[in-house]
Each structure stands twice: as C-alpha cells, then as structure tokens.
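run.txt, holding compact mmCIF, N, CA and C atoms and all ligand atoms:
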# COMPACT_ATOMS: atom_id res chain seq x y z
N MET A 10 0.84 -1.19 0.00
CA MET A 10 0.00 0.00 0.00
C MET A 10 0.88 1.25 0.00
N ASP A 11 0.43 2.26 -0.69
CA ASP A 11 1.26 3.45 -0.82
C ASP A 11 0.74 4.57 0.07
N LEU A 12 1.52 5.61 0.14
CA LEU A 12 1.14 6.78 0.92
C LEU A 12 0.33 7.75 0.06
N ALA A 13 -0.67 8.35 0.68
CA ALA A 13 -1.49 9.32 -0.03
C ALA A 13 -0.70 10.59 -0.30
N SER A 14 0.22 10.91 0.58
CA SER A 14 1.07 12.06 0.35
C SER A 14 2.47 11.72 0.82
N HIS A 15 3.43 12.35 0.24
CA HIS A 15 4.82 12.08 0.57
C HIS A 15 5.45 13.33 1.15
N PRO A 16 5.36 13.47 2.46
CA PRO A 16 5.93 14.68 3.06
C PRO A 16 7.44 14.75 2.79
N GLU A 17 7.91 15.93 2.45
CA GLU A 17 9.34 16.07 2.14
C GLU A 17 10.18 16.10 3.40
N THR A 18 9.59 16.58 4.46
CA THR A 18 10.34 16.65 5.71
C THR A 18 9.49 16.06 6.82
N LEU A 19 10.14 15.30 7.66
CA LEU A 19 9.47 14.79 8.85
C LEU A 19 10.26 15.27 10.05
N ILE A 20 9.54 15.81 11.01
CA ILE A 20 10.17 16.27 12.24
C ILE A 20 9.74 15.33 13.36
N CYS A 21 10.71 14.90 14.15
CA CYS A 21 10.40 14.00 15.25
C CYS A 21 9.59 14.73 16.32
N ALA A 22 8.47 14.16 16.70
CA ALA A 22 7.61 14.78 17.71
C ALA A 22 8.21 14.69 19.10
N GLU A 23 9.18 13.81 19.30
CA GLU A 23 9.80 13.64 20.61
C GLU A 23 10.96 14.62 20.82
N CYS A 24 11.90 14.64 19.90
CA CYS A 24 13.12 15.44 20.12
C CYS A 24 13.20 16.66 19.22
N GLY A 25 12.30 16.79 18.26
CA GLY A 25 12.29 17.98 17.41
C GLY A 25 13.29 17.99 16.29
N SER A 26 14.04 16.92 16.11
CA SER A 26 15.01 16.87 15.02
C SER A 26 14.33 16.47 13.72
N THR A 27 14.94 16.88 12.63
CA THR A 27 14.49 16.41 11.34
C THR A 27 14.90 14.95 11.19
N ILE A 28 13.97 14.14 10.74
CA ILE A 28 14.27 12.72 10.53
C ILE A 28 14.97 12.59 9.19
N GLU A 29 16.20 12.09 9.22
CA GLU A 29 17.00 12.10 8.00
C GLU A 29 17.12 10.76 7.32
N ASP A 30 17.02 9.68 8.06
CA ASP A 30 17.19 8.40 7.39
C ASP A 30 15.98 7.48 7.55
N ALA A 31 15.57 7.24 8.76
CA ALA A 31 14.44 6.34 8.95
C ALA A 31 13.69 6.74 10.21
N GLY A 32 12.43 6.38 10.25
CA GLY A 32 11.66 6.72 11.43
C GLY A 32 10.31 6.04 11.40
N TYR A 33 9.51 6.37 12.38
CA TYR A 33 8.19 5.77 12.52
C TYR A 33 7.15 6.83 12.20
N LEU A 34 6.19 6.45 11.39
CA LEU A 34 5.18 7.39 10.94
C LEU A 34 3.81 6.74 11.06
N PRO A 35 2.99 7.18 12.01
CA PRO A 35 1.63 6.65 12.07
C PRO A 35 0.82 7.15 10.89
N ALA A 36 -0.13 6.35 10.45
CA ALA A 36 -0.94 6.73 9.30
C ALA A 36 -2.32 6.10 9.43
N THR A 37 -3.27 6.75 8.83
CA THR A 37 -4.63 6.23 8.80
C THR A 37 -4.87 5.60 7.44
N GLU A 38 -5.36 4.37 7.47
CA GLU A 38 -5.62 3.67 6.22
C GLU A 38 -7.01 4.02 5.72
N ARG A 39 -7.07 4.54 4.50
CA ARG A 39 -8.34 4.93 3.94
C ARG A 39 -8.26 4.80 2.43
N ASP A 40 -9.25 4.20 1.82
CA ASP A 40 -9.28 4.03 0.35
C ASP A 40 -8.00 3.39 -0.17
N GLU A 41 -7.52 2.36 0.53
CA GLU A 41 -6.35 1.60 0.08
C GLU A 41 -5.06 2.40 0.07
N THR A 42 -5.03 3.52 0.75
CA THR A 42 -3.78 4.25 0.86
C THR A 42 -3.58 4.66 2.32
N TYR A 43 -2.34 4.96 2.65
CA TYR A 43 -2.01 5.46 3.98
C TYR A 43 -1.98 6.98 3.95
N HIS A 44 -2.73 7.56 4.87
CA HIS A 44 -2.70 9.01 5.02
C HIS A 44 -1.84 9.31 6.24
N PRO A 45 -0.64 9.78 6.03
CA PRO A 45 0.30 9.91 7.14
C PRO A 45 -0.09 10.99 8.14
N LEU A 46 0.12 10.69 9.39
CA LEU A 46 -0.10 11.65 10.48
C LEU A 46 1.26 12.27 10.78
N VAL A 47 1.62 13.25 9.95
CA VAL A 47 3.00 13.74 9.99
C VAL A 47 3.37 14.39 11.32
N ASP A 48 2.41 14.95 12.02
CA ASP A 48 2.72 15.61 13.29
C ASP A 48 3.13 14.63 14.38
N ALA A 49 2.87 13.34 14.15
CA ALA A 49 3.18 12.35 15.17
C ALA A 49 4.37 11.47 14.79
N ALA A 50 5.12 11.87 13.77
CA ALA A 50 6.28 11.08 13.36
C ALA A 50 7.34 11.09 14.46
N VAL A 51 8.06 10.01 14.58
CA VAL A 51 9.19 9.97 15.51
C VAL A 51 10.41 9.38 14.83
N CYS A 52 11.58 9.86 15.23
CA CYS A 52 12.81 9.36 14.62
C CYS A 52 13.12 7.96 15.16
N ASP A 53 14.02 7.32 14.47
CA ASP A 53 14.44 5.97 14.82
C ASP A 53 14.92 5.88 16.27
N ALA A 54 15.76 6.81 16.65
CA ALA A 54 16.36 6.77 17.98
C ALA A 54 15.30 6.95 19.07
N CYS A 55 14.44 7.93 18.91
CA CYS A 55 13.41 8.14 19.93
C CYS A 55 12.42 6.98 19.94
N GLY A 56 12.05 6.51 18.77
CA GLY A 56 11.10 5.41 18.70
C GLY A 56 11.62 4.20 19.43
N PHE A 57 12.90 3.94 19.21
CA PHE A 57 13.50 2.76 19.79
C PHE A 57 13.79 2.92 21.27
N ASN A 58 14.34 4.06 21.65
CA ASN A 58 14.86 4.21 23.01
C ASN A 58 13.87 4.82 23.98
N ASP A 59 13.02 5.71 23.48
CA ASP A 59 12.14 6.42 24.39
C ASP A 59 10.72 5.87 24.38
N LEU A 60 10.25 5.48 23.23
CA LEU A 60 8.86 5.04 23.14
C LEU A 60 8.74 3.54 23.26
N GLY A 61 9.57 2.82 22.50
CA GLY A 61 9.59 1.38 22.64
C GLY A 61 10.19 1.03 23.99
N MET A 62 9.81 -0.08 24.54
CA MET A 62 10.32 -0.44 25.86
C MET A 62 11.69 -1.08 25.71
N THR A 63 12.69 -0.43 26.32
CA THR A 63 14.05 -0.93 26.37
C THR A 63 14.53 -1.58 25.08
N GLY A 64 14.69 -0.74 24.08
CA GLY A 64 15.31 -1.20 22.85
C GLY A 64 14.43 -2.02 21.94
N CYS A 65 13.12 -1.85 22.05
CA CYS A 65 12.23 -2.51 21.11
C CYS A 65 11.58 -1.45 20.24
N ALA A 66 11.20 -1.85 19.05
CA ALA A 66 10.47 -0.94 18.20
C ALA A 66 9.15 -0.58 18.87
N PRO A 67 8.72 0.65 18.70
CA PRO A 67 7.48 1.07 19.35
C PRO A 67 6.25 0.42 18.73
N GLU A 68 5.23 0.33 19.50
CA GLU A 68 3.92 -0.10 18.99
C GLU A 68 3.14 1.15 18.61
N LEU A 69 2.11 0.92 17.82
CA LEU A 69 1.30 2.04 17.37
C LEU A 69 0.81 2.89 18.54
N ASP A 70 0.33 2.25 19.60
CA ASP A 70 -0.24 3.04 20.69
C ASP A 70 0.82 3.68 21.58
N ASP A 71 2.11 3.41 21.31
CA ASP A 71 3.16 4.18 21.97
C ASP A 71 3.31 5.54 21.32
N VAL A 72 2.89 5.63 20.06
CA VAL A 72 3.15 6.83 19.27
C VAL A 72 1.91 7.73 19.20
N VAL A 73 0.77 7.13 18.98
CA VAL A 73 -0.48 7.90 18.93
C VAL A 73 -1.56 7.15 19.69
N ASP A 74 -2.63 7.87 19.92
CA ASP A 74 -3.83 7.26 20.46
C ASP A 74 -4.57 6.74 19.22
N PRO A 75 -4.48 5.45 18.94
CA PRO A 75 -4.85 5.00 17.60
C PRO A 75 -6.34 4.90 17.35
N GLY A 76 -6.73 5.21 16.13
CA GLY A 76 -8.07 4.95 15.66
C GLY A 76 -8.11 3.56 15.05
N PRO A 77 -9.30 3.07 14.71
CA PRO A 77 -9.43 1.68 14.23
C PRO A 77 -8.71 1.42 12.90
N ASP A 78 -8.48 2.44 12.12
CA ASP A 78 -7.84 2.25 10.81
C ASP A 78 -6.40 2.73 10.79
N ASP A 79 -5.83 2.93 11.98
CA ASP A 79 -4.47 3.46 12.00
C ASP A 79 -3.44 2.33 12.00
N ALA A 80 -2.29 2.65 11.45
CA ALA A 80 -1.18 1.71 11.42
C ALA A 80 0.09 2.50 11.71
N LEU A 81 1.11 1.78 12.16
CA LEU A 81 2.39 2.43 12.38
C LEU A 81 3.34 1.98 11.28
N LEU A 82 3.79 2.94 10.48
CA LEU A 82 4.69 2.63 9.38
C LEU A 82 6.12 2.88 9.80
N TYR A 83 6.99 2.00 9.36
CA TYR A 83 8.42 2.25 9.48
C TYR A 83 8.86 2.74 8.12
N VAL A 84 9.37 3.93 8.06
CA VAL A 84 9.67 4.53 6.75
C VAL A 84 11.16 4.84 6.63
N ARG A 85 11.61 4.80 5.39
CA ARG A 85 12.99 5.16 5.09
C ARG A 85 12.95 6.36 4.15
N LEU A 86 13.73 7.36 4.48
CA LEU A 86 13.76 8.56 3.66
C LEU A 86 14.96 8.50 2.72
N THR A 87 14.68 8.76 1.46
CA THR A 87 15.76 8.86 0.49
C THR A 87 15.83 10.31 0.02
N ASP A 88 16.66 10.59 -0.94
CA ASP A 88 16.85 11.98 -1.38
C ASP A 88 15.55 12.66 -1.74
N SER A 89 14.69 11.93 -2.40
CA SER A 89 13.51 12.61 -2.92
C SER A 89 12.22 11.90 -2.55
N ASP A 90 12.32 10.86 -1.74
CA ASP A 90 11.09 10.11 -1.51
C ASP A 90 11.08 9.53 -0.10
N LEU A 91 9.96 8.94 0.18
CA LEU A 91 9.74 8.33 1.47
C LEU A 91 9.16 6.95 1.18
N GLU A 92 9.83 5.95 1.67
CA GLU A 92 9.49 4.58 1.30
C GLU A 92 8.98 3.86 2.55
N VAL A 93 7.87 3.16 2.40
CA VAL A 93 7.33 2.39 3.52
C VAL A 93 8.05 1.05 3.58
N VAL A 94 8.75 0.82 4.66
CA VAL A 94 9.50 -0.42 4.82
C VAL A 94 8.61 -1.51 5.40
N SER A 95 7.87 -1.16 6.42
CA SER A 95 6.97 -2.13 7.03
C SER A 95 5.86 -1.38 7.74
N SER A 96 4.84 -2.13 8.11
CA SER A 96 3.75 -1.50 8.84
C SER A 96 3.20 -2.50 9.84
N LYS A 97 2.69 -1.97 10.92
CA LYS A 97 1.97 -2.84 11.84
C LYS A 97 0.79 -2.07 12.41
N GLU A 98 -0.22 -2.84 12.77
CA GLU A 98 -1.45 -2.21 13.22
C GLU A 98 -1.67 -2.48 14.69
ZN ZN B 1 13.62 11.98 17.95
As structure tokens, please, write out the structure in this file.
Ligand SMILES: [Zn+2]
Amino acid sequence: MDLASHPETLICAECGSTIEDAGYLPATERDETYHPLVDAAVCDACGFNDLGMTGCAPELDDVVDPGPDDALLYVRLTDSDLEVVSSKE
C-alpha cells in the first residue's frame, strides 16, 4: 500500500530533530492508501529508546492514540522520496 502524500520533511515529535534516514510514521488507512499523520512522526532513535520499551520498536499506541484504521509505518527517507519499509497495526 502506498502513501497518499509524501511529506518532504518529517520532524520527530519527541526530540524535534528532522528525521534524515528512517523513522516511525503513524498513518490512517483509507481508500487503500495510507494518510500519514506527519505531526506524530518519531525518529528511529526516539522510537526505539524512548517510546519502545528498552530497545524494542514502538507499537502504534506508543506513538499515537490509535483509531481503528491506524497503522504504524516504518519509513525510510531517500533523497527525494519516502518509502514504507513495514507496517503494523
Ligand atoms: Zn527523535
């Protein structure tokens, strides 16, 4: 499934840094696409160390108060795009 929009910049909601390589992005699934909740994105480091319990990847409800159609995407940022690596609900 693809993203409905491809934000060019993601800012980590935890530490305020720009996410440069990979991070966690919650999204709402609608009409076969993911609508990213960009304000709730978190960087890899915060997701792993602060939100996930002791070095585990975070769960969706660690990042947002999830709705029934929400999923947590693990995304990788490249020069011009944002690629969904995996998702969990
Ligand atoms: Zn962060």
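Considering all atoms listed in the file, the residue among A:Asp11, A:Cys52, A:Phe57, A:Ser96 positioned nearest to A:Asp30 is A:Cys52.
Between A:Thr37 and the candidates A:Asp79, A:His15, A:Cys24, A:Ala54, the tightest atom-to-atom separation, counting only C-alpha atoms, involves A:Asp79.
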### Message
I need the residues of chain A that end up classed as strand (DSSP E or B) by DSSP on the backbone, written out as number ranges by chain.
### Response
A: 11-12, 20, 27, 31-39, 42-45, 51-52, 79-86, 91-97
Where does chain A meet ligand ZN 1 (chain B) within 6.5 Å, residue by residue, with the nearest atom pair and distance in Å to one decimal for each, counting all atoms listed in the file, listed by chain and rising number, as a Markdown table?
| residue | atom | partner | partner_atom | distance |
| --- | --- | --- | --- | --- |
| A:Cys21 | CA | B:ZN1 | ZN | 4.7 |
| A:Ala22 | N | B:ZN1 | ZN | 5.7 |
| A:Glu23 | C | B:ZN1 | ZN | 4.7 |
| A:Cys24 | N | B:ZN1 | ZN | 3.7 |
| A:Gly25 | N | B:ZN1 | ZN | 5.0 |
| A:Ser26 | N | B:ZN1 | ZN | 5.3 |
| A:Val51 | C | B:ZN1 | ZN | 5.2 |
| A:Cys52 | N | B:ZN1 | ZN | 4.0 |
| A:Asp53 | N | B:ZN1 | ZN | 5.8 |
| A:Ala54 | C | B:ZN1 | ZN | 5.4 |
| A:Cys55 | N | B:ZN1 | ZN | 4.2 |
| A:Gly56 | N | B:ZN1 | ZN | 5.7 |
### Query
When you draw a straight line from atom CA of A:Gly32 to atom C of A:Leu82, how long is it in Å?
6.9 Å
### Task
Work out how far apart atom CA of A:Leu81 and atom CA of A:Glu68 are and give it in Å to one decimal.
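It comes out at 7.2 Å.
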### Task
With a distance cut-off of 8 Å and only N, CA and C atoms, select the neighbouring residues of A:Glu38, excluding the residue or stretch itself and same-chain residues fewer than 2 positions from it, and output the selection as a list in words.
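The filter keeps Pro35, Ala36, Asp40, Glu41, Thr42, Tyr43, His44, Pro45, Pro77, Asp78, Asp79 and Ala80 of chain A.
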Step by step, gather every atom of stretch 66-70 of chain A that the file lists, find the box along x, y and z that holds them, add 5 Å on each side, and finally give centre and edge lengths in Å to one decimal, as JSON.
{"center_x": 5.5, "center_y": 0.9, "center_z": 19.5, "size_x": 21.4, "size_y": 15.5, "size_z": 14.2}
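Distances from A:Glu98, A:Ala31, A:Ser14, A:Tyr83 to A:Asp70 were compared using all atoms listed in the file, and the smallest one belongs to A:Glu98.
Relative to atom CA of A:Asp90, atom CA of A:Gly61 is found at 25.7 Å.
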### Task
Go through A:Asp71, A:Asn58, A:Ile28, A:Leu19 and flag the residue nearest A:Leu46, using only C-alpha atoms for the distances.
A:Leu19
### Message
Please determine, counting all atoms listed in the file, which residue among A:Met10, A:Pro16, A:Tyr33, A:Gly76 has the shortest atom-to-atom distance to A:Leu91.
### Response
A:Pro16
### Task
Mind the document's chain letters and residue numbers, and return as an NGL selection string the residues of chain A that DSSP labels helix (DSSP H, G or I).
:A and (47-49 or 53-60 or 69-72)
Restricting the output to N, CA and C atoms, write the selected residues as a compact mmCIF listing (two decimals), keeping the file's coordinate frame.
# COMPACT_ATOMS: atom_id res chain seq x y z
N VAL A 47 1.62 13.25 9.95
CA VAL A 47 3.00 13.74 9.99
C VAL A 47 3.37 14.39 11.32
N ASP A 48 2.41 14.95 12.02
CA ASP A 48 2.72 15.61 13.29
C ASP A 48 3.13 14.63 14.38
N ALA A 49 2.87 13.34 14.15
CA ALA A 49 3.18 12.35 15.17
C ALA A 49 4.37 11.47 14.79
N ASP A 53 14.02 7.32 14.47
CA ASP A 53 14.44 5.97 14.82
C ASP A 53 14.92 5.88 16.27
N ALA A 54 15.76 6.81 16.65
CA ALA A 54 16.36 6.77 17.98
C ALA A 54 15.30 6.95 19.07
N CYS A 55 14.44 7.93 18.91
CA CYS A 55 13.41 8.14 19.93
C CYS A 55 12.42 6.98 19.94
N GLY A 56 12.05 6.51 18.77
CA GLY A 56 11.10 5.41 18.70
C GLY A 56 11.62 4.20 19.43
N PHE A 57 12.90 3.94 19.21
CA PHE A 57 13.50 2.76 19.79
C PHE A 57 13.79 2.92 21.27
N ASN A 58 14.34 4.06 21.65
CA ASN A 58 14.86 4.21 23.01
C ASN A 58 13.87 4.82 23.98
N ASP A 59 13.02 5.71 23.48
CA ASP A 59 12.14 6.42 24.39
C ASP A 59 10.72 5.87 24.38
N LEU A 60 10.25 5.48 23.23
CA LEU A 60 8.86 5.04 23.14
C LEU A 60 8.74 3.54 23.26
N LEU A 69 2.11 0.92 17.82
CA LEU A 69 1.30 2.04 17.37
C LEU A 69 0.81 2.89 18.54
N ASP A 70 0.33 2.25 19.60
CA ASP A 70 -0.24 3.04 20.69
C ASP A 70 0.82 3.68 21.58
N ASP A 71 2.11 3.41 21.31
CA ASP A 71 3.16 4.18 21.97
C ASP A 71 3.31 5.54 21.32
N VAL A 72 2.89 5.63 20.06
CA VAL A 72 3.15 6.83 19.27
C VAL A 72 1.91 7.73 19.20
Save stretch 34-62 of chain A to a file: C-alpha atoms, as a PDB file, in the first residue's frame.
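Listed below is the output, result32.pdb:
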ATOM      1  CA  LEU A  34       5.180   7.394  10.940  1.00  0.00           C
ATOM      2  CA  PRO A  35       1.632   6.649  12.072  1.00  0.00           C
ATOM      3  CA  ALA A  36      -0.937   6.727   9.296  1.00  0.00           C
ATOM      4  CA  THR A  37      -4.627   6.231   8.803  1.00  0.00           C
ATOM      5  CA  GLU A  38      -5.618   3.665   6.225  1.00  0.00           C
ATOM      6  CA  ARG A  39      -8.336   4.927   3.936  1.00  0.00           C
ATOM      7  CA  ASP A  40      -9.277   4.034   0.350  1.00  0.00           C
ATOM      8  CA  GLU A  41      -6.347   1.599   0.080  1.00  0.00           C
ATOM      9  CA  THR A  42      -3.780   4.252   0.863  1.00  0.00           C
ATOM     10  CA  TYR A  43      -2.013   5.461   3.976  1.00  0.00           C
ATOM     11  CA  HIS A  44      -2.704   9.011   5.023  1.00  0.00           C
ATOM     12  CA  PRO A  45       0.302   9.907   7.137  1.00  0.00           C
ATOM     13  CA  LEU A  46      -0.096  11.652  10.477  1.00  0.00           C
ATOM     14  CA  VAL A  47       3.004  13.745   9.991  1.00  0.00           C
ATOM     15  CA  ASP A  48       2.717  15.606  13.288  1.00  0.00           C
ATOM     16  CA  ALA A  49       3.182  12.348  15.174  1.00  0.00           C
ATOM     17  CA  ALA A  50       6.278  11.080  13.359  1.00  0.00           C
ATOM     18  CA  VAL A  51       9.191   9.974  15.513  1.00  0.00           C
ATOM     19  CA  CYS A  52      12.809   9.364  14.625  1.00  0.00           C
ATOM     20  CA  ASP A  53      14.440   5.970  14.820  1.00  0.00           C
ATOM     21  CA  ALA A  54      16.360   6.772  17.984  1.00  0.00           C
ATOM     22  CA  CYS A  55      13.405   8.141  19.926  1.00  0.00           C
ATOM     23  CA  GLY A  56      11.105   5.410  18.701  1.00  0.00           C
ATOM     24  CA  PHE A  57      13.495   2.755  19.794  1.00  0.00           C
ATOM     25  CA  ASN A  58      14.863   4.214  23.008  1.00  0.00           C
ATOM     26  CA  ASP A  59      12.144   6.417  24.392  1.00  0.00           C
ATOM     27  CA  LEU A  60       8.858   5.040  23.140  1.00  0.00           C
ATOM     28  CA  GLY A  61       9.592   1.376  22.639  1.00  0.00           C
ATOM     29  CA  MET A  62      10.321  -0.441  25.856  1.00  0.00           C
TER      30      MET A  62
END
